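Containing compact mmCIF, C-alpha atoms: final.txt.
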# COMPACT_ATOMS: atom_id res chain seq x y z
CA MET A 599 80.57 112.42 89.27
CA ALA A 600 82.11 111.12 92.47
CA SER A 601 79.37 108.49 92.73
CA GLN A 602 80.09 107.37 89.17
CA ASP A 603 83.72 106.93 90.07
CA ASP A 604 82.79 105.07 93.21
CA MET A 605 80.55 102.76 91.21
CA LEU A 606 83.30 102.05 88.69
CA ARG A 607 85.68 101.45 91.56
CA GLN A 608 83.32 98.88 93.03
CA LEU A 609 82.98 97.16 89.65
CA MET A 610 86.75 97.03 89.23
CA LEU A 611 87.26 95.58 92.68
CA ALA A 612 84.72 92.90 91.86
CA ALA A 613 86.45 92.26 88.52
CA GLN A 614 89.81 91.90 90.22
CA ALA A 615 88.21 89.21 92.34
CA GLY A 616 86.98 87.41 89.20
CA ASP A 617 83.36 88.64 88.90
CA ARG A 618 82.67 88.42 85.13
CA GLN A 619 79.32 90.14 85.25
CA ALA A 620 80.78 93.17 86.97
CA TYR A 621 83.71 93.12 84.58
CA ALA A 622 81.50 93.15 81.50
CA ARG A 623 79.64 96.14 82.89
CA LEU A 624 82.85 97.89 83.77
CA LEU A 625 84.33 97.41 80.29
CA ARG A 626 81.21 98.78 78.64
CA GLU A 627 81.36 101.85 80.85
CA CYS A 628 85.05 102.24 80.10
CA GLN A 629 84.34 101.92 76.40
CA ILE A 630 81.87 104.78 76.50
CA TRP A 631 84.16 106.95 78.59
CA LEU A 632 87.18 106.26 76.39
CA SER A 633 85.23 106.95 73.20
CA ARG A 634 84.41 110.40 74.53
CA TYR A 635 87.95 110.91 75.79
CA PHE A 636 89.55 110.08 72.44
CA ALA A 637 86.91 111.92 70.41
CA ARG A 638 88.61 115.21 71.22
CA ARG A 639 92.06 113.90 70.40
CA ILE A 640 92.09 111.79 67.25
CA PRO A 641 90.12 111.53 63.99
CA PRO A 642 86.78 109.70 64.37
CA SER A 643 87.91 106.89 62.06
CA GLN A 644 90.66 105.92 64.53
CA ILE A 645 88.63 106.04 67.74
CA ASP A 646 87.28 102.49 67.73
CA ASP A 647 90.70 100.91 67.23
CA LEU A 648 92.26 102.99 69.97
CA VAL A 649 89.41 102.25 72.36
CA GLN A 650 89.88 98.52 71.72
CA GLU A 651 93.62 98.78 72.30
CA THR A 652 93.06 100.66 75.51
CA LEU A 653 90.51 98.14 76.75
CA ILE A 654 93.02 95.36 76.14
CA SER A 655 95.55 97.35 78.18
CA VAL A 656 92.96 97.79 80.91
CA HIS A 657 92.47 94.03 80.84
CA ARG A 658 96.18 93.19 80.93
CA LYS A 659 97.01 95.76 83.59
CA ARG A 660 93.94 95.40 85.80
CA ALA A 661 96.09 94.22 88.69
CA THR A 662 97.68 97.70 88.84
CA TYR A 663 94.47 99.38 89.96
CA ASP A 664 94.63 100.34 93.60
CA GLY A 665 91.13 100.05 95.07
CA GLU A 666 91.83 102.76 97.60
CA ARG A 667 92.18 105.38 94.89
CA ALA A 668 89.73 106.85 92.38
CA PHE A 669 89.10 104.80 89.26
CA LEU A 670 88.82 107.39 86.49
CA PRO A 671 92.31 108.89 86.97
CA TRP A 672 93.66 105.33 86.60
CA LEU A 673 91.65 104.76 83.44
CA ALA A 674 92.65 108.16 82.08
CA ALA A 675 96.33 107.44 82.69
CA ILE A 676 96.09 104.24 80.66
CA GLY A 677 94.05 105.99 77.98
CA ARG A 678 96.59 108.81 77.74
CA TYR A 679 99.48 106.36 77.51
CA ARG A 680 97.78 104.46 74.69
CA TRP A 681 96.88 107.74 72.97
CA ILE A 682 100.51 108.92 73.01
CA ASP A 683 101.62 105.50 71.81
CA HIS A 684 99.07 105.75 69.01
CA LEU A 685 100.36 109.19 68.02
CA ARG A 686 103.91 107.85 67.95
CA LYS A 687 102.85 105.10 65.57
CA VAL A 688 100.94 107.52 63.37
CA TYR A 689 103.75 110.05 63.17
CA ARG A 690 106.60 107.55 62.95
CA ALA A 691 106.03 107.25 59.22
CA SER A 692 106.51 110.96 58.75
CA GLU A 693 109.53 110.89 61.10
CA THR A 694 107.96 113.32 63.49
CA GLY A 695 109.16 112.77 67.03
CA LEU A 696 106.93 113.28 69.98
CA ASP A 697 108.37 114.79 73.06
CA GLU A 698 108.15 112.89 76.32
CA ALA A 699 106.55 116.02 77.75
CA LEU A 700 103.31 114.84 76.19
CA HIS A 701 103.06 112.59 79.22
CA ALA A 702 102.24 115.68 81.21
CA ALA A 703 99.83 117.29 78.78
CA PRO A 704 98.00 119.73 81.05
CA GLN A 705 94.69 119.53 79.23
CA ASP A 706 94.33 115.90 80.27
CA ASP A 707 94.81 116.65 83.92
CA THR A 708 92.19 119.35 83.73
CA VAL A 709 89.74 116.87 82.26
CA ILE A 710 90.41 114.38 85.00
CA ASP A 711 90.24 116.97 87.74
CA GLY A 712 86.84 117.90 86.42
CA LEU A 713 85.84 114.28 86.59
CA SER A 714 87.27 113.67 90.00
CA VAL A 715 85.94 116.35 92.28
CA ASP A 716 86.21 113.84 95.07
CA ALA A 717 89.97 113.68 94.63
CA LEU A 718 90.17 117.46 94.99
CA LEU A 719 87.91 117.48 98.04
CA GLN A 720 90.21 114.98 99.70
CA GLN A 721 92.96 117.54 99.58
CA LEU A 722 90.94 120.13 101.53
CA PRO A 723 90.61 120.39 105.30
CA ALA A 724 87.79 118.13 106.47
CA ARG A 725 85.53 121.00 107.60
CA GLN A 726 85.77 122.75 104.21
CA ALA A 727 85.22 119.54 102.22
CA GLU A 728 82.26 118.59 104.39
CA VAL A 729 80.31 121.81 103.81
CA ILE A 730 81.14 121.90 100.09
CA ARG A 731 79.80 118.35 99.73
CA LEU A 732 76.63 119.26 101.61
CA VAL A 733 75.86 122.62 99.97
CA LYS A 734 77.39 122.44 96.50
CA ILE A 735 76.93 118.75 95.72
CA ALA A 736 74.09 117.43 97.88
CA GLY A 737 72.06 120.67 97.61
CA TYR A 738 71.54 121.46 101.30
CA SER A 739 70.97 125.08 102.33
CA ILE A 740 73.53 126.99 104.39
CA THR A 741 71.28 126.68 107.44
CA GLU A 742 70.87 122.92 107.03
CA ALA A 743 74.59 122.47 106.52
CA ALA A 744 75.28 124.50 109.65
CA GLU A 745 72.91 122.30 111.66
CA ARG A 746 74.44 119.08 110.31
CA THR A 747 78.04 120.07 110.84
CA GLY A 748 77.77 122.11 114.02
CA GLN A 749 79.41 125.08 112.30
CA SER A 750 77.85 128.54 112.42
CA GLU A 751 76.22 129.75 109.21
CA SER A 752 78.88 132.39 108.66
CA LEU A 753 81.60 129.77 109.18
CA VAL A 754 79.92 127.49 106.63
CA LYS A 755 80.01 130.34 104.10
CA VAL A 756 83.64 131.11 104.87
CA ASN A 757 84.65 127.45 104.61
CA ILE A 758 82.85 127.05 101.28
CA HIS A 759 84.51 130.17 99.93
CA ARG A 760 87.98 129.13 101.10
CA GLY A 761 87.52 125.55 99.97
CA ILE A 762 86.44 126.46 96.45
CA ARG A 763 89.27 128.96 96.16
CA LYS A 764 91.71 126.25 97.18
CA MET A 765 90.21 123.77 94.71
CA SER A 766 90.65 126.32 91.93
CA ALA A 767 94.28 126.74 92.92
CA LEU A 768 94.76 122.97 92.96
CA ILE A 769 93.36 122.61 89.44
CA GLU A 770 95.65 125.36 88.15
CA LYS A 771 98.64 123.76 89.84
CA VAL A 772 98.09 120.28 88.36
CA MET B 1180 79.41 91.84 94.50
CA LEU B 1181 77.68 95.17 94.27
CA SER B 1182 74.62 94.31 96.26
CA GLY B 1183 75.89 96.20 99.29
CA HIS B 1184 76.24 99.46 97.46
CA PRO B 1185 73.37 101.92 98.03
CA ASP B 1186 73.22 102.98 94.36
CA ALA B 1187 73.54 99.47 92.98
CA ALA B 1188 69.94 99.11 91.86
CA GLU B 1189 69.87 102.47 90.13
CA PHE B 1190 73.18 101.74 88.46
CA GLU B 1191 72.00 98.36 87.25
CA ARG B 1192 68.95 100.03 85.70
CA GLU B 1193 71.24 102.49 83.90
CA LEU B 1194 73.38 99.66 82.66
CA MET B 1195 70.39 97.72 81.40
CA MET B 1196 69.34 100.80 79.44
CA GLN B 1197 72.86 101.03 78.07
CA ASP B 1198 72.72 97.36 77.11
CA ASP B 1199 69.64 98.14 75.07
CA ALA B 1200 71.41 101.06 73.47
CA SER B 1201 74.42 98.96 72.57
CA ALA B 1202 72.17 96.33 71.03
CA LEU B 1203 70.87 99.04 68.74
CA GLY B 1204 74.38 99.73 67.55
CA ARG B 1205 75.82 102.58 69.64
CA PRO B 1206 79.01 103.98 68.05
CA GLY B 1207 82.23 102.63 69.51
CA VAL B 1208 80.63 99.64 71.21
CA ASP B 1209 81.61 96.17 70.07
CA ARG B 1210 80.18 93.43 72.24
CA PHE B 1211 82.33 90.69 70.73
CA ASP B 1212 85.63 92.16 71.87
CA ILE B 1213 84.37 92.85 75.34
CA ASP B 1214 83.00 89.35 75.67
CA ALA B 1215 86.37 87.96 74.65
CA LEU B 1216 88.06 89.95 77.40
CA VAL B 1217 85.43 88.92 79.90
CA ASP B 1218 85.90 85.25 79.00
CA ASP B 1219 89.60 85.69 79.69
CA LEU B 1220 89.00 87.11 83.16
CA VAL B 1221 90.69 85.42 86.10
CA PRO B 1222 91.12 86.80 89.62
CA VAL B 1223 94.28 88.85 90.00
CA ARG B 1224 96.38 89.75 92.99
CA ARG B 1225 96.64 93.51 93.26
CA LEU B 1226 100.07 94.93 92.58
CA ARG B 1227 101.41 96.52 95.74
CA MET B 1228 104.37 98.85 95.91
CA ARG B 1229 105.54 97.42 99.22
CA ASP B 1230 106.02 93.99 97.60
CA GLY B 1231 108.33 95.50 94.99
CA LEU B 1232 110.19 97.42 97.66
CA ALA B 1233 110.64 94.25 99.71
CA ILE B 1234 112.09 92.51 96.65
CA ALA B 1235 114.50 95.38 96.00
CA LEU B 1236 115.68 95.44 99.63
CA ALA B 1237 115.99 91.66 99.79
CA THR B 1238 118.15 91.74 96.64
CA MET B 1239 120.31 94.44 98.20
CA ALA B 1240 120.67 92.36 101.36
CA LEU B 1241 121.75 89.32 99.33
CA CYS B 1242 124.30 91.47 97.50
CA ALA B 1243 125.63 92.76 100.85
CA LEU B 1244 125.96 89.18 102.08
CA ALA B 1245 127.83 88.19 98.92
CA ILE B 1246 130.13 91.21 99.35
CA ALA B 1247 130.74 90.33 103.01
CA PHE B 1248 131.70 86.75 102.10
CA SER B 1249 133.84 87.64 99.12
CA LEU B 1250 135.56 90.89 100.20
CA GLY B 1251 135.03 90.87 103.96
CA VAL B 1252 133.47 93.48 106.21
CA ARG B 1253 135.33 96.70 107.04
CA GLY B 1254 137.19 96.47 110.33
CA ASP B 1255 135.32 99.01 112.45
CA LEU B 1256 131.98 97.47 111.45
CA ALA B 1257 133.24 93.97 112.27
CA ASN B 1258 134.33 95.26 115.70
CA GLY B 1259 130.89 96.72 116.35
CA ALA B 1260 132.13 100.32 116.48
CA PRO B 1261 131.54 101.79 113.03
CA ASN B 1262 133.01 105.16 112.13
CA TRP B 1263 130.49 108.02 112.04
CA MET B 1264 131.27 108.64 108.38
CA PHE B 1265 130.29 105.06 107.55
CA ILE B 1266 126.99 105.51 109.41
CA LEU B 1267 126.28 108.83 107.66
CA ARG B 1268 127.20 107.38 104.25
CA SER B 1269 125.12 104.24 104.69
CA ALA B 1270 122.12 106.12 106.05
CA THR B 1271 122.26 108.57 103.15
CA LEU B 1272 122.54 105.80 100.55
CA LEU B 1273 119.73 103.80 102.10
CA MET B 1274 117.47 106.84 102.43
CA LEU B 1275 118.06 107.84 98.82
CA GLY B 1276 117.72 104.26 97.59
CA ILE B 1277 114.51 103.52 99.45
CA THR B 1278 112.77 106.80 98.60
CA ALA B 1279 113.76 106.59 94.92
CA ALA B 1280 112.72 102.93 94.78
CA ALA B 1281 109.36 103.77 96.37
CA ALA B 1282 108.78 106.53 93.79
CA ALA B 1283 109.76 104.24 90.91
CA LEU B 1284 107.72 101.29 92.10
CA SER B 1285 104.64 103.36 92.88
CA SER B 1286 104.64 104.51 89.24
CA ALA B 1287 103.67 100.94 88.36
CA THR B 1288 100.18 101.97 89.46
CA PRO B 1289 99.21 104.75 87.05
CA SER B 1290 97.13 107.81 87.75
CA VAL B 1291 96.79 111.36 86.53
CA GLY B 1292 95.80 114.53 88.32
CA GLY B 1293 97.00 113.46 91.75
CA ALA B 1294 100.13 114.74 93.45
CA ARG B 1295 102.80 112.08 93.91
CA GLN B 1296 105.08 112.00 96.89
CA ALA B 1297 108.60 113.15 96.06
CA PHE B 1298 110.60 112.31 99.17
CA TRP B 1299 113.38 111.11 96.88
CA LYS B 1300 114.05 114.71 95.87
CA TRP B 1301 114.72 115.63 99.49
CA SER B 1302 116.93 112.57 99.87
CA LEU B 1303 118.84 113.49 96.72
CA GLY B 1304 119.31 117.01 98.02
CA PHE B 1305 120.67 115.65 101.29
CA ALA B 1306 122.95 113.16 99.50
CA ALA B 1307 124.43 116.06 97.56
CA ILE B 1308 126.46 116.96 100.67
CA PHE B 1309 129.03 114.36 99.60
CA PRO B 1310 129.80 115.58 96.07
CA LEU B 1311 129.46 119.18 97.20
CA GLY B 1312 131.77 118.50 100.13
CA ALA B 1313 134.27 116.87 97.80
CA ALA B 1314 134.06 119.79 95.40
CA PHE B 1315 134.57 122.23 98.27
CA VAL B 1316 137.70 120.39 99.39
CA TRP B 1317 138.98 120.27 95.83
CA VAL B 1318 138.81 124.04 95.42
CA SER B 1319 139.68 125.14 98.93
CA ASP B 1320 142.21 122.84 100.55
CA PHE B 1321 145.15 121.62 98.51
CA ARG B 1322 146.72 119.91 101.51
CA ALA B 1323 143.63 117.75 101.89
CA ILE B 1324 143.94 116.77 98.26
CA GLU B 1325 147.51 115.66 98.90
CA GLY B 1326 146.33 113.60 101.85
CA ALA B 1327 143.49 112.06 99.87
CA ARG B 1328 145.53 111.33 96.77
CA SER B 1329 145.77 107.62 97.54
CA ALA B 1330 142.02 107.48 98.12
CA LEU B 1331 141.45 108.98 94.69
CA ASP B 1332 143.66 106.41 93.00
CA PRO B 1333 141.49 104.99 90.17
CA ALA B 1334 142.99 101.54 90.73
CA TYR B 1335 141.28 101.48 94.13
CA GLY B 1336 138.26 103.60 93.28
CA MET B 1337 137.44 101.49 90.26
CA GLN B 1338 136.86 98.49 92.51
CA CYS B 1339 134.32 100.51 94.44
CA LEU B 1340 132.66 101.61 91.22
CA GLN B 1341 132.63 98.14 89.67
CA MET B 1342 131.39 96.24 92.72
CA SER B 1343 128.73 98.85 93.51
CA THR B 1344 127.59 98.80 89.90
CA LEU B 1345 127.43 95.01 89.92
CA CYS B 1346 125.23 95.07 93.02
CA ALA B 1347 123.16 97.85 91.43
CA ALA B 1348 122.65 95.68 88.35
CA PHE B 1349 121.11 92.94 90.47
CA VAL B 1350 118.88 95.36 92.35
CA GLY B 1351 117.89 97.19 89.16
CA THR B 1352 117.09 93.94 87.38
CA ALA B 1353 114.90 92.77 90.26
CA MET B 1354 113.04 96.10 90.30
CA THR B 1355 112.59 96.15 86.53
CA LEU B 1356 111.25 92.61 86.40
CA TRP B 1357 108.75 93.47 89.10
CA MET B 1358 107.83 96.69 87.29
CA LYS B 1359 107.04 94.78 84.10
CA ARG B 1360 103.85 93.61 85.77
CA GLY B 1361 102.89 97.24 86.29
CA ALA B 1362 101.75 100.00 83.97
CA PRO B 1363 104.24 102.87 84.21
CA VAL B 1364 102.92 105.69 82.06
CA SER B 1365 106.10 107.75 82.12
CA PRO B 1366 108.86 105.22 81.37
CA THR B 1367 111.58 107.86 81.14
CA ARG B 1368 110.96 109.15 84.64
CA THR B 1369 110.65 105.60 85.92
CA GLY B 1370 113.95 104.70 84.24
CA TRP B 1371 115.77 107.56 85.97
CA LEU B 1372 114.30 106.56 89.32
CA VAL B 1373 115.08 102.85 88.93
CA GLY B 1374 118.66 103.76 88.04
CA LEU B 1375 118.98 106.16 90.95
CA ALA B 1376 117.49 103.66 93.40
CA SER B 1377 119.52 100.68 92.23
CA GLY B 1378 122.73 102.74 92.19
CA SER B 1379 122.14 103.94 95.75
CA LEU B 1380 121.14 100.51 97.09
CA GLY B 1381 123.99 98.81 95.22
CA ALA B 1382 126.47 101.30 96.69
CA ALA B 1383 124.94 100.74 100.13
CA ALA B 1384 125.49 96.98 99.73
CA TYR B 1385 129.14 97.46 98.79
CA SER B 1386 129.59 100.09 101.48
CA ILE B 1387 130.00 97.45 104.21
CA ALA B 1388 133.31 96.41 102.64
CA CYS B 1389 134.57 99.89 101.74
CA SER B 1390 137.01 101.12 104.38
CA GLU B 1391 137.26 104.68 103.09
CA ASN B 1392 136.00 107.51 105.28
CA VAL B 1393 137.30 110.45 103.26
CA VAL B 1394 134.60 112.76 101.92
CA MET B 1395 136.55 113.30 98.69
CA TYR B 1396 136.56 109.57 98.02
CA ILE B 1397 132.87 109.15 98.80
CA GLY B 1398 131.90 112.30 96.94
CA THR B 1399 133.83 111.17 93.87
CA TRP B 1400 133.44 107.41 93.49
CA TYR B 1401 130.01 106.91 95.02
CA THR B 1402 128.67 109.87 93.07
CA LEU B 1403 130.11 108.45 89.84
CA THR B 1404 128.48 105.10 90.61
CA ILE B 1405 125.05 106.52 91.32
CA ALA B 1406 125.14 108.96 88.41
CA GLY B 1407 126.25 106.20 86.05
CA CYS B 1408 123.50 103.88 87.23
CA ALA B 1409 120.89 106.63 86.87
CA ILE B 1410 121.99 107.24 83.28
CA ALA B 1411 122.00 103.49 82.57
CA GLY B 1412 118.51 103.26 84.06
CA ARG B 1413 117.33 106.10 81.84
CA LEU B 1414 118.73 104.38 78.74
CA ILE B 1415 117.80 100.76 79.43
CA VAL B 1416 114.73 100.57 81.64
CA PRO B 1417 112.23 102.46 79.41
CA GLN B 1418 112.95 100.01 76.56
CA VAL B 1419 112.11 97.10 78.84
CA LEU B 1420 109.05 98.66 80.42
CA ARG B 1421 107.16 99.70 77.29
CA TRP B 1422 103.75 98.04 77.30
Hey, can you dump this file as structure tokens for me?
Amino acid sequence: MASQDDMLRQLMLAAQAGDRQAYARLLRECQIWLSRYFARRIPPSQIDDLVQETLISVHRKRATYDGERAFLPWLAAIGRYRWIDHLRKVYRASETGLDEALHAAPQDDTVIDGLSVDALLQQLPARQAEVIRLVKIAGYSITEAAERTGQSESLVKVNIHRGIRKMSALIEKV
Amino acid sequence: MLSGHPDAAEFERELMMQDDASALGRPGVDRFDIDALVDDLVPVRRLRMRDGLAIALATMALCALAIAFSLGVRGDLANGAPNWMFILRSATLLMLGITAAAAALSSATPSVGGARQAFWKWSLGFAAIFPLGAAFVWVSDFRAIEGARSALDPAYGMQCLQMSTLCAAFVGTAMTLWMKRGAPVSPTRTGWLVGLASGSLGAAAYSIACSENVVMYIGTWYTLTIAGCAIAGRLIVPQVLRW
């Protein structure tokens, strides 16, 4: 998932520099991602319109993407904003107000945390993040990870255990 | 542009497959709209928080210059030996203004799931020593109130409030105009922060002319200014920043 985000980040950086080919690819990827994102939130008949609106926002606000940060949390923030705006429009007719607290809807953050493991790993100590990347993402054995990092095997296990526990706590805290 | 990336070839293959899928009519994919956006693409300069902060501080500096020319600089500052209360007050206002401005301006770049820095909360907590100090004097030392009565005269305090608010309006307007290029996803929070920042920086600009060193005066009039600006920011800025 981190590599997908990195790829999208590269495409966006190229788009910010004016690369149309990269931009077309990026928008198609965003379209797919947003369709899935909205599918769990609004009726199917409204998805296409909201995706289009969000893509226009992505286009208008593309200068706000910071290339040093992950891409999907940026896209999700824009998608969530457009989604809330859409709900306001839908419910305005029935005079149902939406609380500003929707901006912090926890289920969205959970989705994004799931999509951005890399962002969570960045919040761990380097030694814990390193062994989790090697063992849990890249598929190396404990022994291989110990050889690559210079940590003992027992320390690798301890660091994986502590790192994952901390990541769980981070997800709950968001 | 992507040729240097190790997974570029694999990714391009995936995208080609997706192109085929879209040509077959994948739900939610409309090539025409995307092509229109692509045709409209021009290079953009990335929005950077430090640029917005520089604009806010430059506006504050211009306001301070205007105050110095129109009202003059307080005597101890002009003599190069400022009172410690002036230094403490200015440092507190600047710290609160800069940290709140940084928080507001950084919200122009949206994101979810990541922890945002909240130095402004610490600055606000520290700045609370002035209103708390004033409140403490109010309830504990009646003689001090007698001594500070002239300082609490609304005829004098209102000038402080009005001039600080005027400076804050310039700073707040500059920040809001810059923020309009951004994509703040929580306009209410951003409005509070813009108001807090502009109120603090506006008060800091006026501070160079304000000769008062009494904590009751500072805790009353400066607090009123900043609180009023924060409320104004909450009410006005979100309307302007909707996108």
Residues of chain B within 6 Å of chain A, counting only C-alpha atoms, what are they? List them as a compact mmCIF listing (two decimals) with C-alpha atoms, in the frame of the given file.
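Saved the output as result.txt:
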# COMPACT_ATOMS: atom_id res chain seq x y z
CA GLY B 1207 82.23 102.63 69.51
CA VAL B 1217 85.43 88.92 79.90
CA VAL B 1221 90.69 85.42 86.10
CA PRO B 1222 91.12 86.80 89.62
CA VAL B 1223 94.28 88.85 90.00
CA ARG B 1225 96.64 93.51 93.26
CA LEU B 1226 100.07 94.93 92.58
CA THR B 1288 100.18 101.97 89.46
CA PRO B 1289 99.21 104.75 87.05
CA SER B 1290 97.13 107.81 87.75
CA VAL B 1291 96.79 111.36 86.53
CA GLY B 1292 95.80 114.53 88.32
CA GLY B 1361 102.89 97.24 86.29
CA VAL B 1364 102.92 105.69 82.06
Task: Interatomic distance (Å, one decimal) between CA of Leu1275 (chain B) and CA of Ser1319 (chain B) - done: 27.7 Å
- [ ] Just give me the gap between CA of Met1395 (chain B) and CA of Leu1340 (chain B) in Å, one decimal is fine.
- [x] 14.4 Å
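Of note, CA of Ala744 (chain A) and CA of Gly761 (chain A) are spaced 15.6 Å apart.
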Skip Arg731 (chain A) itself and residues of its chain fewer than 3 positions away, then list as a short mmCIF file (atom, residue, chain, number, x, y, z; two decimals) with C-alpha atoms, keeping the file's coordinate frame all residues within 12 Å of it, counting only C-alpha atoms.
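Listed below is the output, part_13.cif:
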data_model
loop_
_atom_site.label_atom_id
_atom_site.label_comp_id
_atom_site.auth_asym_id
_atom_site.auth_seq_id
_atom_site.Cartn_x
_atom_site.Cartn_y
_atom_site.Cartn_z
CA ALA A 600 82.11 111.12 92.47
CA VAL A 715 85.94 116.35 92.28
CA ASP A 716 86.21 113.84 95.07
CA LEU A 718 90.17 117.46 94.99
CA LEU A 719 87.91 117.48 98.04
CA GLN A 720 90.21 114.98 99.70
CA LEU A 722 90.94 120.13 101.53
CA ALA A 724 87.79 118.13 106.47
CA ARG A 725 85.53 121.00 107.60
CA GLN A 726 85.77 122.75 104.21
CA ALA A 727 85.22 119.54 102.22
CA GLU A 728 82.26 118.59 104.39
CA LYS A 734 77.39 122.44 96.50
CA ILE A 735 76.93 118.75 95.72
CA ALA A 736 74.09 117.43 97.88
CA GLY A 737 72.06 120.67 97.61
CA TYR A 738 71.54 121.46 101.30
CA SER A 739 70.97 125.08 102.33
CA ILE A 740 73.53 126.99 104.39
CA ALA A 743 74.59 122.47 106.52
CA ARG A 746 74.44 119.08 110.31
CA THR A 747 78.04 120.07 110.84
CA VAL A 754 79.92 127.49 106.63
CA ASN A 757 84.65 127.45 104.61
CA ILE A 758 82.85 127.05 101.28
CA GLY A 761 87.52 125.55 99.97
CA ILE A 762 86.44 126.46 96.45
#
Task: For Ser1269 (chain B): contacts at 7 Å, all atoms listed in the file, fewer than 4 positions along chain excluded, given as a PyMOL selection string - done: chain B and resi 1265+1273+1383+1386
- [ ] Can you pull out every residue within 9 Å of Ala1306 (chain B), counting only C-alpha atoms, but drop anything in the same chain fewer than 2 positions away, and send it as a ChimeraX atom specification?
- [x] /B:1268,1271-1272,1274-1275,1301-1304,1308-1310
TODO: Skip Trp1422 (chain B) itself and residues of its chain fewer than 2 positions away, then list as a PyMOL selection string all residues within 9 Å of it, counting all atoms listed in the file.
DONE: (chain A and resi 655) or (chain B and resi 1359+1362-1363+1419-1420)
- [ ] Please write as a ChimeraX atom specification the list of polymer residues whose atoms come within 10 Å of (110.8, 110.4, 96.1), counting only C-alpha atoms and keeping to the coordinates of the file.
- [x] /B:1274-1283,1285,1295-1303,1372,1376
Do a neighbour search on Gly1254 (chain B) at 10 Å with all atoms listed in the file, toss out local chain neighbours closer than 4 positions, and write the hits as a PDB file with C-alpha atoms, in the coordinates of the input.
ATOM      1  CA  ASN B1258     134.330  95.260 115.700  1.00  0.00           C
ATOM      2  CA  GLY B1259     130.890  96.720 116.350  1.00  0.00           C
ATOM      3  CA  ALA B1260     132.130 100.320 116.480  1.00  0.00           C
ATOM      4  CA  PRO B1261     131.540 101.790 113.030  1.00  0.00           C
ATOM      5  CA  ASN B1262     133.010 105.160 112.130  1.00  0.00           C
ATOM      6  CA  ILE B1387     130.000  97.450 104.210  1.00  0.00           C
ATOM      7  CA  ALA B1388     133.310  96.410 102.640  1.00  0.00           C
ATOM      8  CA  CYS B1389     134.570  99.890 101.740  1.00  0.00           C
ATOM      9  CA  SER B1390     137.010 101.120 104.380  1.00  0.00           C
TER      10      SER B1390
END
Please complete region 665-678 of chain A with N, CA and C atoms and give it back as a compact mmCIF listing (two decimals), in the coordinates of the input.
# COMPACT_ATOMS: atom_id res chain seq x y z
N GLY A 665 92.53 99.82 94.68
CA GLY A 665 91.13 100.05 95.07
C GLY A 665 90.92 101.17 96.07
N GLU A 666 91.99 101.67 96.65
CA GLU A 666 91.83 102.76 97.60
C GLU A 666 91.88 104.12 96.92
N ARG A 667 92.11 104.11 95.61
CA ARG A 667 92.18 105.38 94.89
C ARG A 667 91.04 105.45 93.88
N ALA A 668 90.81 106.67 93.35
CA ALA A 668 89.73 106.85 92.38
C ALA A 668 90.02 106.05 91.11
N PHE A 669 88.95 105.66 90.44
CA PHE A 669 89.10 104.80 89.26
C PHE A 669 89.41 105.60 87.99
N LEU A 670 88.68 106.69 87.77
CA LEU A 670 88.82 107.39 86.49
C LEU A 670 90.23 107.94 86.24
N PRO A 671 90.92 108.47 87.24
CA PRO A 671 92.31 108.89 86.97
C PRO A 671 93.19 107.72 86.52
N TRP A 672 92.91 106.52 87.03
CA TRP A 672 93.66 105.33 86.60
C TRP A 672 93.34 105.02 85.14
N LEU A 673 92.05 105.03 84.81
CA LEU A 673 91.65 104.76 83.44
C LEU A 673 92.20 105.82 82.48
N ALA A 674 92.15 107.07 82.93
CA ALA A 674 92.65 108.16 82.08
C ALA A 674 94.15 108.04 81.83
N ALA A 675 94.88 107.60 82.86
CA ALA A 675 96.33 107.44 82.69
C ALA A 675 96.63 106.38 81.63
N ILE A 676 95.88 105.30 81.67
CA ILE A 676 96.09 104.24 80.66
C ILE A 676 95.65 104.74 79.28
N GLY A 677 94.52 105.44 79.25
CA GLY A 677 94.05 105.99 77.98
C GLY A 677 95.05 106.97 77.39
N ARG A 678 95.61 107.82 78.22
CA ARG A 678 96.59 108.81 77.74
C ARG A 678 97.86 108.13 77.22
